[in-house]
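Reading through the structure tokens given below for one structure.
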Amino acid sequence: MIRIVYLGKLADVAGKSESQFVSSSGDLDWPDILALLDDHVREGLADAVRDERVKVALNGQVLSDREGLVARDGDEIALLPPVSGG
Amino acid sequence: MIRIVYLGKLADVAGKSESQFVSSSGDLDWPDILALLDDHVREGLADAVRDERVKVALNGQVLSDREGLVARDGDEIALLPPVSGG
Amino acid sequence: MRDIRLLDAPFDPNAAIDALAMASPDIGGIASFVGKVRLTGGVEALELTHYEPLTLPGMHELADRAFGRFDLIGLLMVHRVGVMRPGEPIVCVSAAALHRRDALGAVDFCMDHLKSAAWFWKREKRAGQWHWIEPREQDHADLARW
Amino acid sequence: MRDIRLLDAPFDPNAAIDALAMASPDIGGIASFVGKVRLTGGVEALELTHYEPLTLPGMHELADRAFGRFDLIGLLMVHRVGVMRPGEPIVCVSAAALHRRDALGAVDFCMDHLKSAAWFWKREKRAGQWHWIEPREQDHADLARW
């Protein structure tokens, strides 16, 4: 099982704060995840996540290159929009 | 009567925190006061006060030119050494 | 002393600062900043969301940097998460040091970096509706000072 | 609110800061600095002498400048005079503002200027002997920052 956590405004776009996926085909890469978001969570979510200011953390570590993400069973992915000012 | 107040280290040099003078000859100017300090308070006090970092206040106003001081009956003169750091 | 906490319920900044002072008796001075939810502007509530695996480590790394940069005896960094009402404290940063410049500098430094180090998402409730707060240019300018 | 005081007996900085916060409910943040007599260095007591006709007016002028320079809602400046023991508070400056930068800036500004604005002479008792504290170069450097 792979857990995806939506932070800030992305939780509104997703309509939930997290999703869990069981991948029948093994590891998930970045394109796999974007496809899952649109197909199984909510249409338009993938576009919101494509915003280059959205950072990605894998098991609590922010990735320097989110395109290189490979998620395995048991992993937690967090989708992090820019933090708020004020 | 004219009151002279010694602040900080000058109180140690004077051996007291203030003096009062009755001037029989009317107003006192800066040389008059330096003479009074040495003659009637303690020898060496005038030299300590001559230190150019010592500022002079007349009735609560710091003078920009202490040499121009003229003190009249009822006035209060404060002799202010540099304030402490730390 | 080092006291870094995330709290999901109201807290008393004075009690936290006093505890820092008690645990660091040998100080010259203690500087503090307490940020509160504003009473003006029609904000009915403020909500801070955080991502647990990033927030607390981010605050600890910031504390490490503050200790490395300033000569500190103690540092307190307490931040609220969850829903807060107007007037409630959001954040308290307090630094104890032998020298004033270190204490004040550390508080300023931590406040400038806290938002970017600790990943908070903020929304405000106005007239019954929640609104996300976007990133601000000013924060980038603040960071550029260091 | 504006609370400028010289006290010749020990005081509680928290009570003063709380009173400022209570009187300025509509704040975004409150920054504070509390300076204490150090416990280290063998100082048994510290004495601050002031000249009444200059000290309080000097503090009020400094408060005027702080209000002119920063966007403040409230300002507290409390200073001890007389003989103080190690651990006792000497000074507390606290500023309430809508914006963090104003509150922290005002505290830093007032602390930098307080000594020169308010004419204090300081001596320390070490091993039973009183020693006057001379002016320091650092203070001039601090003032040159503004």
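In the structure tokens, each chain is lettered A, B, ... as it comes, each chain's residues begin at 1, and ligands are numbered from 1 in order of appearance.
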Residues near Met22 (chain C), anyone? I mean within 12 Å using only C-alpha atoms, not counting same-chain ones fewer than 3 positions away, as a PyMOL selection string. (chain C and resi 1+14-19+25-27+30+73-74+96) or (chain D and resi 87)
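Selected on chain D by distance to chain A: Gly28, Leu98, His99, Arg100 and Arg101 of chain D (within 12 Å, counting only C-alpha atoms).
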Same residues, C-alpha atoms, saved as an mmCIF file, in the first residue's frame:
data_model
loop_
_atom_site.group_PDB
_atom_site.id
_atom_site.type_symbol
_atom_site.label_atom_id
_atom_site.label_comp_id
_atom_site.auth_asym_id
_atom_site.auth_seq_id
_atom_site.Cartn_x
_atom_site.Cartn_y
_atom_site.Cartn_z
ATOM 1 C CA GLY D 28 -0.417 40.975 15.768
ATOM 2 C CA LEU D 98 0.308 44.687 14.066
ATOM 3 C CA HIS D 99 3.489 43.537 12.319
ATOM 4 C CA ARG D 100 6.346 41.512 13.698
ATOM 5 C CA ARG D 101 9.066 43.618 12.042
#
Looking only at helix (DSSP H, G or I) from DSSP on the backbone, list the matching residues of chain D as a PyMOL selection string. chain D and resi 13-23+52-69+100-118+137-144
Could you tell me how far CA of Val91 (chain C) sits from CA of Pro10 (chain D), in Å to one decimal place? 28.9 Å
Give me, as a short mmCIF file (atom, residue, chain, number, x, y, z; two decimals) with C-alpha atoms, in the first residue's frame, all polymer residues having an atom no more than 7 Å from Ala95 (chain D), counting only C-alpha atoms and skipping those fewer than 4 positions away in the same chain.
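The result, written out as out_38.cif:
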data_model
loop_
_atom_site.label_atom_id
_atom_site.label_comp_id
_atom_site.auth_asym_id
_atom_site.auth_seq_id
_atom_site.Cartn_x
_atom_site.Cartn_y
_atom_site.Cartn_z
CA ILE D 30 4.53 41.58 20.96
CA ALA D 31 8.32 41.60 21.16
CA SER D 32 10.16 41.94 24.45
CA LEU D 72 3.45 50.60 17.16
CA GLY D 74 1.95 49.99 22.54
CA LEU D 75 5.37 50.49 24.08
CA LEU D 76 6.65 49.59 27.52
CA ALA D 103 7.64 45.13 17.22
CA ALA D 106 11.30 48.92 18.14
CA VAL D 107 12.69 46.74 20.95
#
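CA of His113 (chain C) sits 23.0 Å away from CA of Ala9 (chain C).
Taking only C-alpha atoms into account, Arg3 (chain A) lies nearest to A:Ala78 out of the set A:Ala46, A:Ala78, A:Val83, A:Leu36.
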List every residue of region 1-137 of chain C that DSSP, applied to the backbone of this structure, assigns to strand (DSSP E or B), and report them as JSON, numbers by chain. {"C": [2, 3, 4, 5, 6, 7, 29, 30, 31, 32, 33, 34, 35, 36, 43, 44, 45, 46, 47, 48, 49, 50, 74, 75, 76, 77, 78, 79, 80, 82, 83, 84, 89, 90, 91, 92, 93, 94, 95, 96, 97, 120, 121, 122, 123, 124, 125, 126, 129, 130, 131, 132]}
One-decimal distance in Å that lies between CA of His50 (chain D) and CA of Trp30 (chain B): 23.3 Å
Which polymer residues have any atom within 9 Å of an atom of Tyr51 (chain D), counting only C-alpha atoms, with same-chain residues fewer than 5 positions away left out, as a list in words? Val5, Leu7, Gly60, Ala78 and Leu80 of chain B; Leu56, Ala118, Trp119 and Phe120 of chain D
Need to verify the contact set: Arg72 (chain A), 12 Å, only C-alpha atoms, exclusion of same-chain residues closer than 2 positions in sequence. Can you return it as a PyMOL selection string? chain A and resi 1-4+21-30+33+58-59+69-70+74-77
Spatial neighbours of Val78 (chain D), max dist 7 Å, only C-alpha atoms, sep filter under 3 positions, as a VMD selection string: chain D and resid 4 to 6 91 to 93
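Distances here use only C-alpha atoms; by that measure, the residue among D:Ala117, D:Leu7, D:Ala23, D:Leu39 closest to chain C is D:Leu39.
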At a cut-off of 8 Å, using only C-alpha atoms, what residues contact Ala66 (chain C)? Leave out same-chain residues fewer than 4 positions from it and give the result as number ranges by chain. C: 62, 70, 106, 109-110
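Proximity ranking of A:Leu34, A:Gly44, A:Asp39, A:Leu10 relative to Arg66 (chain A) places A:Leu34 first, based on only C-alpha atoms.
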Which residue gives the smallest distance to chain C among D:Thr55, D:Ser116, D:Thr49, D:Ser94, with only C-alpha atoms counted? D:Ser94
